[in-house]
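For reference, the structure discussed in these notes is given below.
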Amino acid sequence: MKHYCVLGASAAGIHAVRAIRSLDQSAEITLISEDSAIYSRCILHHYLSGLKDEQDLSFVPGDFIPRHRVRWLKGARAVSLDCRARRVSLADGGGESYDALLIATGASTAFPPIPGLGAPGCAAGVYGLRVLEDARKIKAAALNAQNILILGGGLIGLDAASGLLGLGRRVTLIEGRNTLLPLQLDERAARPYQEAFAKLGGRQFYGVTVREIIRNSAGGLAGASLSNGESLPCDMIVCATGVKANTAFLAGSGIRLDEKGLACNERGETSCEAVYGAGDVSGKSPIWPQAVKEGIIAGTNMAGGSAAPGAFFASKSAISFWGVKTLSLGMHTPPDNSYTVVTEDRGDSYKKIIHKDGLIYGAVIQGDLSYAGILTQLIAEKIDVSRVKKPLFAIDYSDFFSLKQNFEFAYVRGGETAL
Ligand SMILES: Cc1cc2nc3c(=O)[nH]c(=O)nc-3n(C[C@H](O)[C@H](O)[C@H](O)COP(=O)(O)OP(=O)(O)OC[C@H]3O[C@@H](n4cnc5c(N)ncnc54)[C@H](O)[C@@H]3O)c2cc1C
């Protein structure tokens, strides 16, 4: 009987467990995680705002662990890996031997080196938002905070801002680039979120960075001075300017790391035999759907199956705040003018596709998401969009089908018939 060890009980680890169990009914599976609960980080803001309780944050059914016959060491931290002996050591002095190991330890908040911010994670009044415990601390501290600064306008910064605005706190967000969600949205698609944020009383600064955090004589937070010359009062800060892969416990193991995190190939294999990696720990594309996909791929390959990623986007985000829904795929702004950009803007709905040589490199759909289905078909069926004869956003499902001689419907591919 094989013994699989999975480090990490989040998007990648849990989906790997599911894949392993579906392929190997007799295996022993040990799940090891610092987390003591299985929950989605993506909805921590609903916990912050009070919309959800802790038990509402789970993304698996309550019987997931017994149903998959998993031995779960919760609240356990891996401190080292011996690839030769195939053994993981734990902080409590114990350890686990394995036949195959998945490293799905994700990432932690990276605190920026701003003067006055203090030592990462320990400075009074400064928080990251990554794990449930962070959210608990932020929620408790926010009750007494008058002026909260959020550093970073990405998904985590926006989560923190929306959660704290929902709690009725005074929030100011500072983003170094020119829009909210600069990795996912162009200026047009960011605008409805910025307007909704402002309507709720949130202050926002774009293209501005924090130069220094000012502390009072007791070491408490007093304010922040900005690159535009302004100073803001603050008594609480949430840092959401980036993450770092949780690879510290791999030091000395000999396993290959690269500049972003754990190095693994598209099958999830690492430089150590029988050791796989998946999710944010690689530092490549730190978003939930990618971690899920990589967990399934690595779990499948660990258990003797064969899986590799399909040709789809590594950066795929579904964004929903304040009633505005957006799907962002790949690039939202072309890097040069060799790409063709097609847009349709109807005020409450916005669509954009970026293509080149017939291939779609990016898309943004906001408001009416029904086009997402068509877009998925365009991408999955490798339709050459440069050959499409009707307006791209006027395509409907019937354009993808043609009747075969036996009266079955079949997809029409780009090379066969121009739409
Ligand atoms: C507040 C917030 C909002 C987000 N919003 C979105 C969003 O809207 N859309 C989106 O696509 N993505 C979002 N993300 C990102 C998404 O949550 C991550 O991409 C995803 O959680 C990565 O999953 P993972 O399994 O790789 O790692 P993680 O979720 O980081 O989980 C790592 C696991 O490893 C465990 N672990 C870590 N170190 C050790 C150790 N040494 N020993 C044992 N166990 C260990 C942890 O306890 C945890 O169980 C958000 C993230 C945060 C924090």
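By convention here, the chains of the structure tokens are called A, B, ... in the order presented, each chain's residues are numbered starting at 1, and ligands are numbered starting at 1 in the order presented.
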
To test your reading of the structure, identify every residue in stretch 204-384 of chain A that backbone DSSP assigns to alpha helix (DSSP H), and report it as an MDAnalysis selection string. chainID A and resid 288:302 371:380

All residues having an atom within 7 Å of ligand 1 (only C-alpha atoms and all ligand atoms) as an MDAnalysis selection string: chainID A and resid 7:13 32:35 40:45 76:79 104:108 129:131 155:156 159:160 246 249 278:281 286:289 291 317:319

Saved selection, atoms kept: N, CA and C atoms, as a CSV table (one decimal), in the first residue's frame:
chain,number,residue,atom,x,y,z
A,7,LEU,N,1.3,18.2,1.7
A,7,LEU,CA,1.5,19.3,2.6
A,7,LEU,C,0.7,20.5,2.2
A,8,GLY,N,-0.3,20.9,3.0
A,8,GLY,CA,-1.2,22.0,2.6
A,8,GLY,C,-2.6,21.6,2.4
A,9,ALA,N,-3.5,22.2,3.1
A,9,ALA,CA,-4.9,21.8,3.0
A,9,ALA,C,-5.8,22.9,2.4
A,10,SER,N,-5.3,23.5,1.3
A,10,SER,CA,-6.0,24.5,0.7
A,10,SER,C,-6.3,24.1,-0.8
A,11,ALA,N,-6.4,25.1,-1.7
A,11,ALA,CA,-6.9,24.8,-3.1
A,11,ALA,C,-6.1,23.7,-3.7
A,12,ALA,N,-4.8,23.8,-3.7
A,12,ALA,CA,-4.0,22.7,-4.4
A,12,ALA,C,-4.0,21.4,-3.6
A,13,GLY,N,-3.7,21.5,-2.3
A,13,GLY,CA,-3.6,20.2,-1.5
A,13,GLY,C,-4.9,19.4,-1.5
A,32,ILE,N,-1.1,17.1,5.8
A,32,ILE,CA,-0.4,17.9,6.9
A,32,ILE,C,-0.6,19.4,6.6
A,33,SER,N,-1.2,20.1,7.6
A,33,SER,CA,-1.3,21.5,7.3
A,33,SER,C,-1.2,22.3,8.6
A,34,GLU,N,-0.6,23.5,8.5
A,34,GLU,CA,-0.7,24.5,9.6
A,34,GLU,C,-2.1,24.9,9.8
A,35,ASP,N,-2.9,25.0,8.8
A,35,ASP,CA,-4.3,25.4,8.9
A,35,ASP,C,-5.0,24.3,9.7
A,40,SER,N,-11.7,28.8,2.2
A,40,SER,CA,-11.3,29.5,1.0
A,40,SER,C,-10.8,30.9,1.4
A,41,ARG,N,-9.6,31.2,1.0
A,41,ARG,CA,-9.0,32.5,1.3
A,41,ARG,C,-9.8,33.6,0.5
A,42,CYS,N,-10.3,33.2,-0.6
A,42,CYS,CA,-11.0,34.2,-1.5
A,42,CYS,C,-12.2,34.8,-0.9
A,43,ILE,N,-12.8,34.2,0.1
A,43,ILE,CA,-14.0,34.8,0.7
A,43,ILE,C,-13.7,35.2,2.2
A,44,LEU,N,-12.5,35.4,2.5
A,44,LEU,CA,-12.2,35.9,3.9
A,44,LEU,C,-12.8,37.3,4.1
A,45,HIS,N,-12.9,38.1,3.0
A,45,HIS,CA,-13.5,39.4,3.2
A,45,HIS,C,-15.0,39.4,3.6
A,76,ALA,N,-0.3,21.3,12.1
A,76,ALA,CA,1.1,20.7,12.1
A,76,ALA,C,1.9,21.4,11.0
A,77,ARG,N,3.1,21.8,11.4
A,77,ARG,CA,4.0,22.6,10.5
A,77,ARG,C,5.2,21.7,10.1
A,78,ALA,N,5.4,21.6,8.7
A,78,ALA,CA,6.6,20.9,8.2
A,78,ALA,C,7.8,21.9,8.4
A,79,VAL,N,8.9,21.3,9.0
A,79,VAL,CA,10.1,22.2,9.2
A,79,VAL,C,11.3,21.8,8.3
A,104,ALA,N,2.3,21.7,-1.3
A,104,ALA,CA,1.3,22.7,-1.7
A,104,ALA,C,1.1,23.6,-0.5
A,105,THR,N,2.3,24.2,-0.1
A,105,THR,CA,2.3,25.0,1.1
A,105,THR,C,2.0,26.5,0.8
A,106,GLY,N,1.6,26.8,-0.4
A,106,GLY,CA,1.1,28.2,-0.7
A,106,GLY,C,2.1,29.3,-0.5
A,107,ALA,N,1.6,30.4,-0.1
A,107,ALA,CA,2.4,31.6,0.1
A,107,ALA,C,1.9,32.4,1.3
A,108,SER,N,2.7,33.4,1.7
A,108,SER,CA,2.4,34.2,2.9
A,108,SER,C,2.6,35.7,2.4
A,129,LEU,N,-3.2,39.9,5.2
A,129,LEU,CA,-4.4,39.1,5.1
A,129,LEU,C,-4.1,37.9,4.2
A,130,ARG,N,-3.9,36.8,4.9
A,130,ARG,CA,-3.6,35.6,4.1
A,130,ARG,C,-4.3,34.4,4.7
A,131,VAL,N,-4.3,34.3,6.0
A,131,VAL,CA,-5.0,33.1,6.7
A,131,VAL,C,-6.1,33.6,7.6
A,155,LEU,N,-6.2,42.0,-5.7
A,155,LEU,CA,-7.4,41.2,-5.2
A,155,LEU,C,-7.4,41.2,-3.7
A,156,ILE,N,-6.2,41.1,-3.0
A,156,ILE,CA,-6.3,40.9,-1.6
A,156,ILE,C,-6.5,42.3,-0.9
A,159,ASP,N,-10.1,43.0,-1.3
A,159,ASP,CA,-10.9,42.1,-0.3
A,159,ASP,C,-10.9,42.8,1.0
A,160,ALA,N,-9.7,43.2,1.5
A,160,ALA,CA,-9.5,43.9,2.8
A,160,ALA,C,-10.4,45.1,2.8
A,246,ASN,N,5.9,29.9,0.4
A,246,ASN,CA,6.3,29.2,1.6
A,246,ASN,C,7.2,28.1,1.4
A,249,PHE,N,11.0,26.0,4.7
A,249,PHE,CA,11.3,24.7,5.3
A,249,PHE,C,12.0,23.8,4.4
A,278,ALA,N,2.5,22.1,-6.3
A,278,ALA,CA,1.3,22.7,-6.9
A,278,ALA,C,0.9,23.9,-6.2
A,279,GLY,N,0.3,24.9,-6.9
A,279,GLY,CA,-0.3,26.0,-6.3
A,279,GLY,C,0.7,27.2,-6.1
A,280,ASP,N,0.3,28.1,-5.2
A,280,ASP,CA,1.1,29.3,-5.0
A,280,ASP,C,2.5,29.1,-4.6
A,281,VAL,N,2.8,27.9,-4.1
A,281,VAL,CA,4.2,27.7,-3.6
A,281,VAL,C,5.2,27.8,-4.8
A,286,PRO,N,-0.4,33.2,-8.7
A,286,PRO,CA,-1.0,32.9,-7.4
A,286,PRO,C,-2.5,33.2,-7.4
A,287,ILE,N,-3.2,32.4,-8.1
A,287,ILE,CA,-4.7,32.6,-8.1
A,287,ILE,C,-5.3,31.2,-7.9
A,288,TRP,N,-6.5,31.2,-7.3
A,288,TRP,CA,-7.2,30.0,-6.9
A,288,TRP,C,-7.4,29.0,-8.0
A,289,PRO,N,-8.0,29.4,-9.2
A,289,PRO,CA,-8.2,28.3,-10.2
A,289,PRO,C,-7.0,27.7,-10.7
A,291,ALA,N,-4.3,27.2,-8.8
A,291,ALA,CA,-3.8,26.2,-7.7
A,291,ALA,C,-4.7,25.0,-7.8
A,317,SER,N,-9.3,35.4,-13.7
A,317,SER,CA,-9.9,35.9,-12.5
A,317,SER,C,-11.3,36.2,-12.7
A,318,ALA,N,-12.1,35.7,-11.8
A,318,ALA,CA,-13.6,36.1,-11.7
A,318,ALA,C,-13.6,37.0,-10.5
A,319,ILE,N,-14.1,38.2,-10.8
A,319,ILE,CA,-14.1,39.3,-9.8
A,319,ILE,C,-15.5,39.8,-9.6

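Non-sequential neighbours of A:Leu200 (distance at most 10 Å, separation of 6 or more positions within a chain, only C-alpha atoms) are A:Ser162, A:Leu165, A:Gly166, A:Gly168, A:Arg170, A:Val171, A:Trp322.
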
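Candidate residues A:Cys5, A:Ala196, A:Val17, A:Gln184 were compared for distance to A:Ser97, and the nearest is A:Cys5, using only C-alpha atoms.
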
Residues within 9 Å of A:Asp348, please, as a count of residues only. Count only C-alpha atoms; anything in the same chain fewer than 3 positions from it doesn't count. 5

Can you check which residues of stretch 71-318 of chain A DSSP gives as strand (DSSP E or B) on the backbone and send them as a ChimeraX atom specification? /A:71-74,78-82,87-90,95-97,100-103,107-109,126-128,148-151,171-175,203-206,210-215,221-226,231-233,236-239,243-245,257,262,269,275-277,316-318

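You can rank A:Val208, A:Tyr339, A:Pro391, A:Leu102 by their closest distance to A:Leu262 using only C-alpha atoms, and at the top of that list sits A:Leu102.
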
Give me the residues near A:Val275 as a PyMOL selection string, where near means some atom within 12 Å (using only C-alpha atoms) and where sequence neighbours in that chain fewer than 4 positions away do not count. chain A and resi 4-7+81-88+98-104+250+253-256+262-265+267-271+298-299+301-303

Who sits within 8 Å of stretch 110-117 of chain A, only C-alpha atoms, same chain under 2 positions skipped, as an MDAnalysis selection string: chainID A and resid 108 119:121 123 126 128 210:215 239:244

Output N, CA and C atoms for every residue in that selection, as an mmCIF file, in the first residue's frame.
data_model
loop_
_atom_site.group_PDB
_atom_site.id
_atom_site.type_symbol
_atom_site.label_atom_id
_atom_site.label_comp_id
_atom_site.auth_asym_id
_atom_site.auth_seq_id
_atom_site.Cartn_x
_atom_site.Cartn_y
_atom_site.Cartn_z
ATOM 1 N N SER A 108 2.744 33.376 1.724
ATOM 2 C CA SER A 108 2.429 34.240 2.879
ATOM 3 C C SER A 108 2.559 35.697 2.446
ATOM 4 N N ALA A 119 9.235 45.303 11.668
ATOM 5 C CA ALA A 119 9.624 43.941 11.305
ATOM 6 C C ALA A 119 8.409 43.214 10.738
ATOM 7 N N PRO A 120 8.613 42.440 9.660
ATOM 8 C CA PRO A 120 7.500 41.785 8.998
ATOM 9 C C PRO A 120 6.557 41.076 9.953
ATOM 10 N N GLY A 121 5.320 41.462 9.889
ATOM 11 C CA GLY A 121 4.283 40.724 10.615
ATOM 12 C C GLY A 121 4.188 40.993 12.100
ATOM 13 N N ALA A 123 5.012 44.166 13.699
ATOM 14 C CA ALA A 123 4.921 45.558 14.145
ATOM 15 C C ALA A 123 3.502 45.896 14.558
ATOM 16 N N VAL A 126 0.175 46.597 12.251
ATOM 17 C CA VAL A 126 0.391 46.217 10.846
ATOM 18 C C VAL A 126 -0.019 44.757 10.644
ATOM 19 N N GLY A 128 -1.138 41.430 7.737
ATOM 20 C CA GLY A 128 -1.278 40.873 6.396
ATOM 21 C C GLY A 128 -2.639 40.198 6.370
ATOM 22 N N VAL A 210 3.749 54.717 -0.542
ATOM 23 C CA VAL A 210 3.994 55.206 0.826
ATOM 24 C C VAL A 210 5.502 55.344 1.004
ATOM 25 N N ARG A 211 5.930 56.543 1.400
ATOM 26 C CA ARG A 211 7.372 56.790 1.598
ATOM 27 C C ARG A 211 7.824 56.318 2.970
ATOM 28 N N GLU A 212 6.973 56.633 3.958
ATOM 29 C CA GLU A 212 7.383 56.335 5.334
ATOM 30 C C GLU A 212 6.152 56.184 6.228
ATOM 31 N N ILE A 213 6.263 55.300 7.192
ATOM 32 C CA ILE A 213 5.211 55.172 8.203
ATOM 33 C C ILE A 213 5.686 55.948 9.432
ATOM 34 N N ILE A 214 4.795 56.800 9.926
ATOM 35 C CA ILE A 214 5.178 57.638 11.077
ATOM 36 C C ILE A 214 4.623 57.008 12.346
ATOM 37 N N ARG A 215 5.496 56.872 13.337
ATOM 38 C CA ARG A 215 5.065 56.274 14.606
ATOM 39 C C ARG A 215 5.140 57.314 15.726
ATOM 40 N N CYS A 239 -1.312 45.224 4.851
ATOM 41 C CA CYS A 239 -0.372 45.147 3.726
ATOM 42 C C CYS A 239 -0.849 44.113 2.721
ATOM 43 N N ALA A 240 -1.028 44.566 1.491
ATOM 44 C CA ALA A 240 -1.463 43.637 0.439
ATOM 45 C C ALA A 240 -0.692 43.952 -0.834
ATOM 46 N N THR A 241 0.621 44.097 -0.667
ATOM 47 C CA THR A 241 1.427 44.494 -1.824
ATOM 48 C C THR A 241 2.124 43.307 -2.485
ATOM 49 N N GLY A 242 1.943 42.118 -1.933
ATOM 50 C CA GLY A 242 2.553 40.958 -2.579
ATOM 51 C C GLY A 242 2.635 39.771 -1.644
ATOM 52 N N VAL A 243 2.994 38.630 -2.215
ATOM 53 C CA VAL A 243 3.145 37.411 -1.406
ATOM 54 C C VAL A 243 4.501 36.770 -1.686
ATOM 55 N N LYS A 244 4.918 35.918 -0.753
ATOM 56 C CA LYS A 244 6.156 35.151 -0.986
ATOM 57 C C LYS A 244 5.849 33.670 -0.753
#
